[in-house]
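Pasting protein06.txt here (compact mmCIF, C-alpha atoms):
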# COMPACT_ATOMS: atom_id res chain seq x y z
CA MET A 1 180.87 117.44 206.23
CA ARG A 2 184.62 117.89 206.74
CA GLU A 3 186.15 118.51 210.18
CA ILE A 4 189.77 118.58 211.31
CA VAL A 5 190.96 117.23 214.66
CA LEU A 6 193.98 119.35 215.57
CA ASP A 7 196.65 119.30 218.25
CA THR A 8 199.99 121.01 218.87
CA GLU A 9 202.99 120.40 221.07
CA THR A 10 204.83 123.50 222.30
CA THR A 11 207.98 124.58 224.10
CA GLY A 12 205.91 125.70 227.08
CA LEU A 13 202.50 126.96 228.12
CA ASP A 14 202.58 130.67 227.25
CA PHE A 15 203.26 132.14 223.81
CA ASN A 16 203.25 135.59 225.44
CA ASN A 17 206.51 134.54 227.09
CA GLY A 18 207.98 133.44 223.78
CA ASP A 19 206.92 129.78 223.73
CA ARG A 20 206.59 128.29 220.25
CA ILE A 21 204.97 125.39 218.42
CA ILE A 22 207.24 122.36 217.96
CA GLU A 23 204.79 119.83 216.50
CA VAL A 24 201.46 119.95 214.66
CA GLY A 25 199.08 117.06 214.08
CA CYS A 26 195.79 116.92 212.19
CA VAL A 27 193.28 114.16 211.44
CA GLU A 28 190.62 114.65 208.78
CA LEU A 29 187.04 113.58 209.52
CA ALA A 30 184.27 113.20 206.95
CA ASN A 31 180.82 113.03 208.55
CA HIS A 32 182.58 112.44 211.89
CA ILE A 33 184.55 109.43 210.56
CA PRO A 34 188.38 109.48 210.15
CA THR A 35 189.32 109.32 206.46
CA GLY A 36 192.97 108.32 206.95
CA ASN A 37 194.08 111.67 205.52
CA ASN A 38 196.36 113.10 208.21
CA LEU A 39 199.00 115.81 208.59
CA GLN A 40 201.95 115.87 210.98
CA PHE A 41 205.17 117.86 211.14
CA TYR A 42 207.85 118.92 213.64
CA CYS A 43 209.25 122.45 213.89
CA SER A 44 212.68 123.68 214.85
CA THR A 45 212.86 126.71 217.13
CA ASP A 46 215.42 128.86 218.93
CA LYS A 47 213.20 128.82 222.02
CA LYS A 48 214.41 126.23 224.52
CA VAL A 49 211.91 123.46 225.25
CA ASN A 50 211.27 123.73 228.99
CA GLU A 51 211.73 120.74 231.26
CA GLU A 52 208.03 120.07 231.80
CA ALA A 53 207.26 120.20 228.06
CA LEU A 54 210.21 117.89 227.39
CA LYS A 55 208.87 115.37 229.88
CA ILE A 56 205.45 115.48 228.21
CA SER A 57 206.45 115.31 224.54
CA GLY A 58 210.01 113.96 224.60
CA LEU A 59 210.88 116.51 221.89
CA SER A 60 214.28 118.10 222.51
CA ASN A 61 215.77 121.07 220.70
CA GLU A 62 218.51 118.77 219.40
CA PHE A 63 215.93 116.48 217.80
CA LEU A 64 213.88 119.39 216.44
CA SER A 65 216.89 121.11 214.86
CA GLN A 66 216.73 118.79 211.84
CA PHE A 67 213.30 120.12 210.82
CA PRO A 68 212.21 123.43 209.22
CA SER A 69 210.67 126.15 211.38
CA PHE A 70 206.90 126.57 211.69
CA SER A 71 206.98 129.56 209.35
CA LYS A 72 208.43 127.42 206.55
CA GLN A 73 205.68 124.82 207.01
CA ALA A 74 202.69 126.99 207.88
CA ASN A 75 201.15 126.69 204.42
CA LYS A 76 200.90 122.91 204.87
CA LEU A 77 198.69 123.50 207.89
CA LEU A 78 196.61 126.29 206.34
CA ASN A 79 196.04 124.31 203.14
CA PHE A 80 195.03 121.25 205.16
CA ILE A 81 192.55 122.87 207.55
CA LYS A 82 191.12 125.28 204.94
CA ASN A 83 188.00 126.91 206.43
CA ASP A 84 186.68 123.72 208.01
CA THR A 85 185.61 123.26 211.62
CA LEU A 86 188.42 122.36 214.01
CA ILE A 87 188.01 119.77 216.79
CA ILE A 88 190.46 120.64 219.59
CA HIS A 89 190.97 119.61 223.20
CA ASN A 90 191.38 122.98 224.98
CA ALA A 91 190.89 124.99 221.82
CA GLN A 92 192.00 128.38 223.14
CA PHE A 93 195.47 127.00 223.84
CA ASP A 94 196.17 125.56 220.37
CA ILE A 95 194.43 128.33 218.42
CA GLY A 96 196.27 130.92 220.51
CA PHE A 97 199.63 129.35 219.65
CA ILE A 98 198.79 128.97 215.95
CA ASN A 99 197.61 132.56 215.66
CA ASN A 100 200.70 133.79 217.50
CA GLU A 101 202.91 131.99 214.98
CA LEU A 102 200.94 133.45 212.07
CA GLN A 103 201.08 136.93 213.59
CA LEU A 104 204.86 136.67 213.89
CA MET A 105 204.88 135.84 210.18
CA GLY A 106 202.66 138.82 209.35
CA ILE A 107 199.82 136.52 208.27
CA LYS A 108 196.21 137.00 209.35
CA LYS A 109 194.88 134.77 212.09
CA ILE A 110 192.75 131.73 211.35
CA GLN A 111 189.01 132.28 211.75
CA ASN A 112 187.84 128.66 211.64
CA LYS A 113 184.88 127.61 213.72
CA PHE A 114 185.91 125.13 216.39
CA VAL A 115 184.56 122.58 218.85
CA ASP A 116 186.33 122.44 222.21
CA THR A 117 186.05 118.81 223.31
CA ILE A 118 186.74 119.73 226.94
CA ALA A 119 183.59 121.88 227.02
CA LEU A 120 181.70 119.26 225.01
CA ALA A 121 182.71 116.46 227.39
CA ARG A 122 181.76 118.42 230.49
CA LYS A 123 178.37 119.21 228.99
CA LYS A 124 177.66 115.72 227.66
CA LEU A 125 179.05 113.74 230.59
CA ASN A 126 178.34 116.20 233.41
CA THR A 127 181.90 115.82 234.69
CA ARG A 128 184.60 118.24 235.80
CA SER A 129 187.37 115.83 234.84
CA ALA A 130 187.82 115.99 231.07
CA SER A 131 191.47 115.21 230.35
CA LEU A 132 192.15 113.20 227.22
CA ASP A 133 193.46 110.29 229.29
CA TYR A 134 190.31 110.27 231.42
CA LEU A 135 188.00 110.37 228.39
CA CYS A 136 189.91 107.60 226.61
CA ARG A 137 189.62 105.39 229.69
CA ARG A 138 185.93 106.22 230.04
CA PHE A 139 185.25 105.21 226.43
CA SER A 140 187.65 102.21 226.53
CA ILE A 141 189.95 103.73 223.91
CA ASP A 142 193.40 102.10 224.01
CA LEU A 143 196.07 104.35 225.53
CA GLY A 144 198.85 101.78 225.18
CA ALA A 145 200.83 103.81 222.65
CA ARG A 146 200.66 107.05 224.65
CA ALA A 147 203.84 106.83 226.71
CA LEU A 148 204.48 110.43 225.64
CA HIS A 149 202.24 113.10 224.16
CA GLY A 150 202.46 113.40 220.39
CA ALA A 151 200.33 115.73 218.28
CA LEU A 152 199.20 113.16 215.70
CA LEU A 153 198.67 110.36 218.22
CA ASP A 154 196.65 112.69 220.44
CA CYS A 155 194.55 113.70 217.41
CA GLN A 156 193.84 110.07 216.64
CA LEU A 157 192.81 109.43 220.25
CA LEU A 158 190.74 112.61 220.32
CA SER A 159 188.93 111.67 217.11
CA GLY A 160 187.75 108.50 218.86
CA VAL A 161 186.67 110.47 221.93
CA TYR A 162 184.85 113.04 219.78
CA ILE A 163 182.92 110.33 217.93
CA GLU A 164 181.91 108.78 221.25
CA LEU A 165 180.80 112.15 222.62
CA LEU A 166 178.55 112.47 219.57
CA GLY A 167 177.10 108.99 220.22
CA GLY A 168 179.73 107.15 218.19
CA ARG A 169 178.33 103.64 218.24
CA GLN A 170 174.95 104.90 217.11
CA ILE A 171 176.60 106.84 214.28
CA SER A 172 178.32 103.66 213.09
CA LEU A 173 175.01 101.80 213.15
CA ASP A 174 173.29 104.56 211.21
CA LEU A 175 175.97 104.46 208.55
CA ALA A 176 175.67 100.69 208.32
CA LYS A 177 171.91 100.96 207.77
CA THR A 178 172.49 103.18 204.72
CA LEU A 179 174.35 100.39 202.90
CA ASP A 180 171.79 98.55 200.78
CA SER A 181 172.42 95.18 199.16
CA ASP A 182 173.39 96.74 195.81
CA THR A 183 176.06 98.86 197.48
CA ILE A 184 177.47 95.86 199.34
CA THR A 185 177.53 93.80 196.13
CA GLN A 186 179.32 96.59 194.25
CA THR A 187 181.90 96.84 197.03
CA LYS A 188 182.60 93.13 196.86
CA ASN A 189 182.97 93.27 193.08
CA LEU A 190 185.41 96.16 193.34
CA LYS A 191 187.56 94.18 195.74
CA ASN A 192 187.60 91.23 193.35
CA ASP A 193 188.74 93.46 190.48
CA TYR A 194 191.95 94.49 192.21
CA LYS A 195 195.10 92.45 192.37
CA ILE A 196 196.82 92.36 195.74
CA HIS A 197 200.59 92.71 195.54
CA GLU A 198 202.53 91.38 198.49
CA VAL A 199 205.47 93.54 199.52
CA LYS A 200 208.25 91.36 200.89
CA ILE A 201 210.55 92.83 203.55
CA THR A 202 214.10 91.48 203.47
CA GLU A 203 216.35 91.08 206.49
CA LYS A 204 218.46 93.90 205.03
CA ASN A 205 215.38 96.17 204.97
CA LYS A 206 214.65 95.35 208.60
CA GLN A 207 218.22 96.08 209.69
CA GLU A 208 218.30 99.37 207.77
CA HIS A 209 215.09 100.43 209.51
CA LYS A 210 216.44 99.44 212.93
CA ASP A 211 219.58 101.50 212.26
CA PHE A 212 217.43 104.46 211.22
CA VAL A 213 215.24 104.50 214.36
CA ALA A 214 218.08 103.66 216.76
CA ASP A 215 218.92 107.34 217.27
CA LEU A 216 215.28 108.47 217.63
CA LYS A 217 214.48 109.23 221.24
CA ASN A 218 211.45 107.38 222.63
CA ALA A 219 210.42 106.14 219.17
CA LEU A 220 207.38 103.86 219.23
CA TRP A 221 209.30 101.48 216.95
CA HIS A 222 211.49 100.59 219.95
CA LYS A 223 208.49 98.78 221.43
CA VAL A 224 207.89 96.67 218.31
CA ASN A 225 209.47 93.25 217.96
CA TYR A 226 210.29 92.58 214.33

Can the structure in the file be given as structure tokens, please?
Amino acid sequence: MREIVLDTETTGLDFNNGDRIIEVGCVELANHIPTGNNLQFYCSTDKKVNEEALKISGLSNEFLSQFPSFSKQANKLLNFIKNDTLIIHNAQFDIGFINNELQLMGIKKIQNKFVDTIALARKKLNTRSASLDYLCRRFSIDLGARALHGALLDCQLLSGVYIELLGGRQISLDLAKTLDSDTITQTKNLKNDYKIHEVKITEKNKQEHKDFVADLKNALWHKVNY
């Protein structure tokens, strides 16, 4: 079973007032487990990012201007999500923005089934508070990298929350039980058949990377010592 955890960042809260999508993130799940197949892209827009949105995402119009518009990247999103179920925190918000963008392009709206994790959390946990930060803290999911909201990072956090809401630890145990001794042996043999090639990073490579990220505002790389 394929599901897609999806999140967007926008210039503001209301597409009816002209707000637009400025970032899209998606994480693919297979049987509720992240596959590592993700999608992320930024979008340029003529709509000014409002002050509150800028504080939340850190994405300025100046930064976004180097990327194509949503309309030029929409097919990447549509091809990635296909007709699979979407897992979204406050689904009406993100689906509303996506469908507004598609409508502006003259493309039909998406009709994917979706799971709203806010509604799911309130039902499962019997709680009114269901923000992503709250749920991550409740399930001991590390929020250390979330200084700012980012669509892909939020999808990765939400995928962990979603798995926990479904009884995540039990799911992991059930999957482990399905691995018989023959499967484990075959896995070990496969690992032994592959040669591991070490990629060496030179000091020049490191400096070139530091120069590249130096102009990126609030880049996570700034927190890494290397």

Quiz item: Expressed in Å to a single decimal, how great is the separation between CA of Met1 in chain A and CA of Phe114 in chain A?
Solution: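 Between these atoms lies a distance of 13.7 Å.
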
Exercise. Kindly indicate which residue among A:Tyr42, A:Ala91, A:Leu165, A:Ile56 lies nearest to Lys72 in chain A, using all atoms listed in the file for the distances.
Key: A:Tyr42

Produce the centre coordinates and the three edge lengths, each in Å to one decimal, of the box along x, y and z that contains all listed atoms of range 22-38 of chain A with 6 Å added on each side, as lines of an AutoDock Vina configuration file.
center_x = 194.0
center_y = 115.3
center_z = 211.7
size_x = 38.4
size_y = 26.0
size_z = 24.4

Can you list, as an mmCIF file with C-alpha atoms, keeping the file's coordinate frame, every protein, DNA or RNA residue that comes within 12 Å of Asp46 in chain A when you count only C-alpha atoms, leaving out same-chain residues fewer than 3 positions away?
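To be explicit, this is the file written out as part.cif:
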data_model
loop_
_atom_site.group_PDB
_atom_site.id
_atom_site.type_symbol
_atom_site.label_atom_id
_atom_site.label_comp_id
_atom_site.auth_asym_id
_atom_site.auth_seq_id
_atom_site.Cartn_x
_atom_site.Cartn_y
_atom_site.Cartn_z
ATOM 1 C CA THR A 11 207.980 124.580 224.100
ATOM 2 C CA GLY A 18 207.980 133.440 223.780
ATOM 3 C CA ASP A 19 206.920 129.780 223.730
ATOM 4 C CA ARG A 20 206.590 128.290 220.250
ATOM 5 C CA ILE A 21 204.970 125.390 218.420
ATOM 6 C CA ILE A 22 207.240 122.360 217.960
ATOM 7 C CA CYS A 43 209.250 122.450 213.890
ATOM 8 C CA VAL A 49 211.910 123.460 225.250
ATOM 9 C CA SER A 60 214.280 118.100 222.510
ATOM 10 C CA ASN A 61 215.770 121.070 220.700
ATOM 11 C CA GLU A 62 218.510 118.770 219.400
ATOM 12 C CA LEU A 64 213.880 119.390 216.440
ATOM 13 C CA SER A 65 216.890 121.110 214.860
ATOM 14 C CA PRO A 68 212.210 123.430 209.220
ATOM 15 C CA SER A 69 210.670 126.150 211.380
ATOM 16 C CA PHE A 70 206.900 126.570 211.690
#

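For range 119-122 of chain A, the list of residues within 12 Å, based on only C-alpha atoms and with local chain neighbours fewer than 6 positions off taken out, reads Ile87, Ile88, His89, Asn90, Ala91, Gln92, Arg128, Ser129, Ala130, Ser131, Leu132, Tyr134, Leu135, Cys136, Arg138, Phe139, Leu158, Val161, Tyr162, Ile163, Glu164, Leu165, Leu166 and Gly167 of chain A.
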
All residues 9 Å or closer to Ile4 in chain A, all atoms listed in the file, same chain fewer than 4 positions away omitted, as a CSV table (one decimal) with C-alpha atoms, in the coordinates of the input:
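Ended up saving to part24.csv:
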chain,number,residue,atom,x,y,z
A,26,CYS,CA,195.8,116.9,212.2
A,27,VAL,CA,193.3,114.2,211.4
A,28,GLU,CA,190.6,114.6,208.8
A,29,LEU,CA,187.0,113.6,209.5
A,30,ALA,CA,184.3,113.2,207.0
A,80,PHE,CA,195.0,121.2,205.2
A,81,ILE,CA,192.6,122.9,207.6
A,84,ASP,CA,186.7,123.7,208.0
A,85,THR,CA,185.6,123.3,211.6
A,86,LEU,CA,188.4,122.4,214.0
A,87,ILE,CA,188.0,119.8,216.8
A,88,ILE,CA,190.5,120.6,219.6

Quiz item: Which residue, A:Phe97, A:Leu13, A:Ala74, A:Gly168, has the smallest gap to Glu51 in chain A when you use only C-alpha atoms?
Solution: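 When distances to Glu51 in chain A are compared using only C-alpha atoms, the smallest one comes from A:Leu13.
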
Quiz prompt | Pick from A:Leu59, A:Gly25, A:Glu9, A:Ser71 nearest to Leu104 in chain A, counting all atoms listed in the file | solution =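 The shortest atom-to-atom distance to Leu104 in chain A comes from A:Ser71.
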
Self-check item: Atom pair CA of Asp7 in chain A / CA of Pro34 in chain A: separation (Å)
Solution: 15.2 Å

Will you give me range 108-126 of chain A, written with C-alpha atoms and laid out as a PDB file, in the first residue's frame?
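This is the output file result-v6.pdb:
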ATOM      1  CA  LYS A 108      -8.468  19.720 -12.922  1.00  0.00           C
ATOM      2  CA  LYS A 109      -8.230  19.471  -9.162  1.00  0.00           C
ATOM      3  CA  ILE A 110      -6.699  16.465  -7.438  1.00  0.00           C
ATOM      4  CA  GLN A 111      -9.215  13.928  -6.161  1.00  0.00           C
ATOM      5  CA  ASN A 112      -6.919  11.834  -3.957  1.00  0.00           C
ATOM      6  CA  LYS A 113      -8.270  10.314  -0.789  1.00  0.00           C
ATOM      7  CA  PHE A 114      -6.581  11.804   2.257  1.00  0.00           C
ATOM      8  CA  VAL A 115      -6.009  11.287   5.964  1.00  0.00           C
ATOM      9  CA  ASP A 116      -6.001  14.446   8.080  1.00  0.00           C
ATOM     10  CA  THR A 117      -3.600  13.705  10.936  1.00  0.00           C
ATOM     11  CA  ILE A 118      -5.075  16.488  13.073  1.00  0.00           C
ATOM     12  CA  ALA A 119      -8.456  14.732  13.068  1.00  0.00           C
ATOM     13  CA  LEU A 120      -6.751  11.352  13.492  1.00  0.00           C
ATOM     14  CA  ALA A 121      -4.719  12.571  16.482  1.00  0.00           C
ATOM     15  CA  ARG A 122      -7.733  14.109  18.206  1.00  0.00           C
ATOM     16  CA  LYS A 123      -9.671  10.883  17.755  1.00  0.00           C
ATOM     17  CA  LYS A 124      -6.861   8.534  18.777  1.00  0.00           C
ATOM     18  CA  LEU A 125      -5.461  10.601  21.640  1.00  0.00           C
ATOM     19  CA  ASN A 126      -8.650  12.325  22.802  1.00  0.00           C
TER      20      ASN A 126
END
